[in-house]
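A.B. asks: Got a structure for you, my_file_14.cif, holding mmCIF, C-alpha atoms.
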data_run
#
loop_
_atom_site.label_atom_id
_atom_site.label_comp_id
_atom_site.auth_asym_id
_atom_site.auth_seq_id
_atom_site.Cartn_x
_atom_site.Cartn_y
_atom_site.Cartn_z
CA MET M 1 -14.87 -23.47 13.59
CA ALA M 2 -12.73 -21.48 15.99
CA SER M 3 -10.44 -22.32 18.87
CA LEU M 4 -8.83 -20.35 21.65
CA LYS M 5 -5.11 -20.44 22.39
CA GLU M 6 -2.85 -18.61 24.82
CA ARG M 7 0.35 -16.98 23.66
CA GLY M 8 2.34 -15.41 26.44
CA ARG M 9 -0.14 -13.48 28.56
CA TYR M 10 -2.69 -12.87 25.79
CA TYR M 11 -5.27 -15.05 24.11
CA TYR M 12 -5.73 -15.40 20.40
CA ILE M 13 -8.38 -17.01 18.23
CA ARG M 14 -7.77 -19.46 15.40
CA PHE M 15 -10.42 -19.94 12.74
CA SER M 16 -10.16 -22.97 10.46
CA LYS M 17 -12.17 -24.46 7.63
CA ASN M 18 -11.72 -27.10 4.96
CA ILE M 19 -12.11 -26.16 1.31
CA ASN M 20 -11.74 -28.96 -1.22
CA GLY M 21 -9.80 -31.04 1.30
CA GLU M 22 -7.36 -28.25 2.14
CA ARG M 23 -7.32 -26.71 5.60
CA HIS M 24 -7.32 -22.91 5.75
CA ARG M 25 -6.37 -21.27 9.06
CA VAL M 26 -6.41 -17.69 10.25
CA THR M 27 -4.93 -16.67 13.59
CA LYS M 28 -5.68 -13.28 15.15
CA SER M 29 -4.96 -11.83 18.57
CA LEU M 30 -7.88 -10.94 20.81
CA GLY M 31 -5.74 -8.73 23.04
CA ILE M 32 -7.45 -10.19 26.12
CA ARG M 33 -5.57 -11.44 29.18
CA TYR M 34 -8.41 -13.17 31.05
CA LYS M 35 -9.66 -16.57 29.99
CA GLU M 36 -13.31 -15.94 30.88
CA LYS M 37 -13.46 -12.84 28.70
CA ALA M 38 -11.60 -14.62 25.91
CA LEU M 39 -14.10 -17.49 25.98
CA GLU M 40 -16.96 -15.00 25.82
CA ALA M 41 -15.33 -13.29 22.84
CA LEU M 42 -14.81 -16.66 21.15
CA GLU M 43 -18.49 -17.56 21.50
CA LYS M 44 -19.69 -14.20 20.20
CA LEU M 45 -17.32 -14.21 17.22
CA GLU M 46 -18.31 -17.79 16.31
CA GLU M 47 -21.98 -16.78 16.39
CA MET M 48 -21.29 -13.76 14.21
CA GLU M 49 -19.39 -15.94 11.72
CA GLU M 50 -22.26 -18.44 11.53
CA ARG M 51 -24.74 -15.63 10.82
CA GLY M 52 -22.45 -14.21 8.14
CA GLU M 53 -21.85 -10.88 9.90
CA ILE M 54 -18.06 -11.28 9.79
CA ASP M 55 -15.56 -12.98 7.50
CA PRO M 56 -12.54 -14.03 9.59
CA TYR M 57 -10.64 -15.12 6.47
CA SER M 58 -10.46 -11.65 4.93
CA ASP M 59 -7.38 -9.45 5.39
CA GLN M 60 -9.41 -6.63 6.96
CA PHE M 61 -10.77 -8.81 9.78
CA ASP M 62 -9.77 -7.41 13.20
CA PRO M 63 -11.37 -9.19 16.19
CA GLN M 64 -10.06 -6.59 18.63
CA LYS M 65 -11.95 -3.85 16.81
CA ILE M 66 -15.15 -5.89 16.62
CA TRP M 67 -14.96 -7.02 20.24
CA SER M 68 -14.28 -3.50 21.56
CA GLU M 69 -17.39 -1.98 19.94
CA PRO M 70 -19.67 -0.63 22.69
CA ASN M 71 -22.83 -2.30 21.36
CA ILE M 72 -21.41 -5.79 20.84
CA SER M 73 -23.79 -7.29 23.43
CA MET M 74 -26.79 -5.89 21.54
CA ARG M 75 -25.64 -7.34 18.21
CA CYS M 76 -25.21 -10.89 19.52
#
Before anything else, please render the file you have as structure tokens.
C.D. replies:
Amino acid sequence: MASLKERGRYYYIRFSKNINGERHRVTKSLGIRYKEKALEALEKLEEMEERGEIDPYSDQFDPQKIWSEPNISMRC
């Protein structure tokens, strides 16, 4: 599950899941200023997580890099 938050002028995404009763959270910046684009990014990244294409809980996860790929609309 993911949620969208605003910090200053930029939006960030927070992924959370429960493992054995413990909540694990990961917060990463989207680098997006506009709410409509941030919501679109949130939906696409959630879909990619559900399909297993990305792992937001790994250290190498960078949503800005994934979102800025030119063929992101074709992958989702």
A.B. asks: Excluding segment 49-56 of chain M and its own-chain neighbours fewer than 3 positions away, which residues fall within 8 Å of it when counting only C-alpha atoms? Please give them as an mmCIF file with C-alpha atoms, in the frame of the given file.
C.D. replies:
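File produced: result.cif:
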data_model
loop_
_atom_site.group_PDB
_atom_site.id
_atom_site.type_symbol
_atom_site.label_atom_id
_atom_site.label_comp_id
_atom_site.auth_asym_id
_atom_site.auth_seq_id
_atom_site.Cartn_x
_atom_site.Cartn_y
_atom_site.Cartn_z
ATOM 1 C CA PHE M 15 -10.420 -19.940 12.740
ATOM 2 C CA VAL M 26 -6.410 -17.690 10.250
ATOM 3 C CA LEU M 45 -17.320 -14.210 17.220
ATOM 4 C CA GLU M 46 -18.310 -17.790 16.310
ATOM 5 C CA PHE M 61 -10.770 -8.810 9.780
#
A.B. asks: With only C-alpha atoms as the counted atoms, please give the residues lying no more than 10 Å from Ser29 of chain M, apart from itself and same-chain residues fewer than 4 positions off, as a list of chain:residue names.
C.D. replies: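 The contact residues come out as M:Leu4, M:Lys5, M:Glu6, M:Arg7, M:Tyr10, M:Tyr11, M:Tyr12, M:Ile13, M:Arg14, M:Asp62, M:Pro63, M:Gln64.
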A.B. asks: Which one of M:Met1, M:Thr27, M:Ala38, M:Ile19 sits closest to Ser58 of chain M if you count all atoms listed in the file?
C.D. replies: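 Of M:Met1, M:Thr27, M:Ala38, M:Ile19, the one nearest Ser58 of chain M, counting all atoms listed in the file, is M:Thr27.
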A.B. asks: Identify which of the residues M:Ile66, M:Leu39, M:Leu30, M:Ala2 lies closest to Lys17 of chain M, counting only C-alpha atoms when measuring atom-to-atom distances.
C.D. replies: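 Checking each candidate against Lys17 of chain M, we get M:Ala2 as the closest.
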A.B. asks: Kindly indicate which residue among M:Asn20, M:Ser3, M:Asp59, M:Trp67 lies nearest to Ile32 of chain M, using all atoms listed in the file for the distances.
C.D. replies: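 Selected residue with least distance to Ile32 of chain M: M:Trp67.
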A.B. asks: Can you work out which one of M:Lys35, M:Met48, M:Glu69, M:Glu40 has the shortest atom-to-atom distance to Arg9 of chain M, counting all atoms listed in the file?
C.D. replies: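 Nearest candidate to Arg9 of chain M out of M:Lys35, M:Met48, M:Glu69, M:Glu40: M:Lys35.
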A.B. asks: Where atoms are absent from segment 14-40 of chain M, fill them in so it carries N, CA and C atoms, then output it as a PDB file, in the coordinates of the input.
C.D. replies:
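Once written, rebuild_36.pdb looks like this:
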ATOM      1  N   ARG M  14      -8.173 -18.822  16.654  1.00  0.00           N
ATOM      2  CA  ARG M  14      -7.770 -19.460  15.400  1.00  0.00           C
ATOM      3  C   ARG M  14      -9.015 -20.013  14.717  1.00  0.00           C
ATOM      4  N   PHE M  15      -9.326 -19.457  13.559  1.00  0.00           N
ATOM      5  CA  PHE M  15     -10.420 -19.940  12.740  1.00  0.00           C
ATOM      6  C   PHE M  15      -9.861 -20.928  11.728  1.00  0.00           C
ATOM      7  N   SER M  16     -10.603 -22.008  11.468  1.00  0.00           N
ATOM      8  CA  SER M  16     -10.160 -22.970  10.460  1.00  0.00           C
ATOM      9  C   SER M  16     -11.363 -23.526   9.718  1.00  0.00           C
ATOM     10  N   LYS M  17     -11.137 -23.838   8.442  1.00  0.00           N
ATOM     11  CA  LYS M  17     -12.170 -24.460   7.630  1.00  0.00           C
ATOM     12  C   LYS M  17     -11.499 -25.282   6.537  1.00  0.00           C
ATOM     13  N   ASN M  18     -12.218 -26.260   6.031  1.00  0.00           N
ATOM     14  CA  ASN M  18     -11.720 -27.100   4.960  1.00  0.00           C
ATOM     15  C   ASN M  18     -12.405 -26.725   3.654  1.00  0.00           C
ATOM     16  N   ILE M  19     -11.609 -26.467   2.637  1.00  0.00           N
ATOM     17  CA  ILE M  19     -12.110 -26.160   1.310  1.00  0.00           C
ATOM     18  C   ILE M  19     -11.441 -27.125   0.349  1.00  0.00           C
ATOM     19  N   ASN M  20     -12.251 -27.966  -0.273  1.00  0.00           N
ATOM     20  CA  ASN M  20     -11.740 -28.960  -1.220  1.00  0.00           C
ATOM     21  C   ASN M  20     -10.623 -29.817  -0.618  1.00  0.00           C
ATOM     22  N   GLY M  21     -10.782 -30.191   0.641  1.00  0.00           N
ATOM     23  CA  GLY M  21      -9.800 -31.040   1.300  1.00  0.00           C
ATOM     24  C   GLY M  21      -8.583 -30.321   1.835  1.00  0.00           C
ATOM     25  N   GLU M  22      -8.493 -29.026   1.626  1.00  0.00           N
ATOM     26  CA  GLU M  22      -7.360 -28.250   2.140  1.00  0.00           C
ATOM     27  C   GLU M  22      -7.811 -27.442   3.351  1.00  0.00           C
ATOM     28  N   ARG M  23      -7.003 -27.453   4.393  1.00  0.00           N
ATOM     29  CA  ARG M  23      -7.320 -26.710   5.600  1.00  0.00           C
ATOM     30  C   ARG M  23      -6.803 -25.282   5.479  1.00  0.00           C
ATOM     31  N   HIS M  24      -7.683 -24.321   5.745  1.00  0.00           N
ATOM     32  CA  HIS M  24      -7.320 -22.910   5.750  1.00  0.00           C
ATOM     33  C   HIS M  24      -7.453 -22.409   7.180  1.00  0.00           C
ATOM     34  N   ARG M  25      -6.393 -21.782   7.689  1.00  0.00           N
ATOM     35  CA  ARG M  25      -6.370 -21.270   9.060  1.00  0.00           C
ATOM     36  C   ARG M  25      -6.054 -19.783   9.064  1.00  0.00           C
ATOM     37  N   VAL M  26      -6.684 -19.104  10.011  1.00  0.00           N
ATOM     38  CA  VAL M  26      -6.410 -17.690  10.250  1.00  0.00           C
ATOM     39  C   VAL M  26      -6.270 -17.528  11.751  1.00  0.00           C
ATOM     40  N   THR M  27      -5.191 -16.892  12.180  1.00  0.00           N
ATOM     41  CA  THR M  27      -4.930 -16.670  13.590  1.00  0.00           C
ATOM     42  C   THR M  27      -4.855 -15.172  13.844  1.00  0.00           C
ATOM     43  N   LYS M  28      -5.656 -14.702  14.799  1.00  0.00           N
ATOM     44  CA  LYS M  28      -5.680 -13.280  15.150  1.00  0.00           C
ATOM     45  C   LYS M  28      -5.685 -13.128  16.663  1.00  0.00           C
ATOM     46  N   SER M  29      -5.017 -12.109  17.139  1.00  0.00           N
ATOM     47  CA  SER M  29      -4.960 -11.830  18.570  1.00  0.00           C
ATOM     48  C   SER M  29      -6.245 -11.162  19.030  1.00  0.00           C
ATOM     49  N   LEU M  30      -6.727 -11.582  20.199  1.00  0.00           N
ATOM     50  CA  LEU M  30      -7.880 -10.940  20.810  1.00  0.00           C
ATOM     51  C   LEU M  30      -7.454  -9.773  21.694  1.00  0.00           C
ATOM     52  N   GLY M  31      -6.223  -9.786  22.166  1.00  0.00           N
ATOM     53  CA  GLY M  31      -5.740  -8.730  23.040  1.00  0.00           C
ATOM     54  C   GLY M  31      -6.378  -8.799  24.422  1.00  0.00           C
ATOM     55  N   ILE M  32      -6.771  -9.990  24.838  1.00  0.00           N
ATOM     56  CA  ILE M  32      -7.450 -10.190  26.120  1.00  0.00           C
ATOM     57  C   ILE M  32      -6.552 -11.067  26.994  1.00  0.00           C
ATOM     58  N   ARG M  33      -6.432 -10.698  28.263  1.00  0.00           N
ATOM     59  CA  ARG M  33      -5.570 -11.440  29.180  1.00  0.00           C
ATOM     60  C   ARG M  33      -6.336 -12.478  30.000  1.00  0.00           C
ATOM     61  N   TYR M  34      -7.639 -12.311  30.158  1.00  0.00           N
ATOM     62  CA  TYR M  34      -8.410 -13.170  31.050  1.00  0.00           C
ATOM     63  C   TYR M  34      -9.179 -14.214  30.264  1.00  0.00           C
ATOM     64  N   LYS M  35      -9.082 -15.460  30.728  1.00  0.00           N
ATOM     65  CA  LYS M  35      -9.660 -16.570  29.990  1.00  0.00           C
ATOM     66  C   LYS M  35     -11.175 -16.473  29.871  1.00  0.00           C
ATOM     67  N   GLU M  36     -11.859 -16.039  30.922  1.00  0.00           N
ATOM     68  CA  GLU M  36     -13.310 -15.940  30.880  1.00  0.00           C
ATOM     69  C   GLU M  36     -13.774 -14.956  29.806  1.00  0.00           C
ATOM     70  N   LYS M  37     -13.110 -13.823  29.725  1.00  0.00           N
ATOM     71  CA  LYS M  37     -13.460 -12.840  28.700  1.00  0.00           C
ATOM     72  C   LYS M  37     -13.101 -13.353  27.310  1.00  0.00           C
ATOM     73  N   ALA M  38     -11.996 -14.067  27.201  1.00  0.00           N
ATOM     74  CA  ALA M  38     -11.600 -14.620  25.910  1.00  0.00           C
ATOM     75  C   ALA M  38     -12.593 -15.668  25.438  1.00  0.00           C
ATOM     76  N   LEU M  39     -13.087 -16.502  26.344  1.00  0.00           N
ATOM     77  CA  LEU M  39     -14.100 -17.490  25.980  1.00  0.00           C
ATOM     78  C   LEU M  39     -15.390 -16.831  25.533  1.00  0.00           C
ATOM     79  N   GLU M  40     -15.766 -15.756  26.210  1.00  0.00           N
ATOM     80  CA  GLU M  40     -16.960 -15.000  25.820  1.00  0.00           C
ATOM     81  C   GLU M  40     -16.780 -14.405  24.423  1.00  0.00           C
TER      82      GLU M  40
END
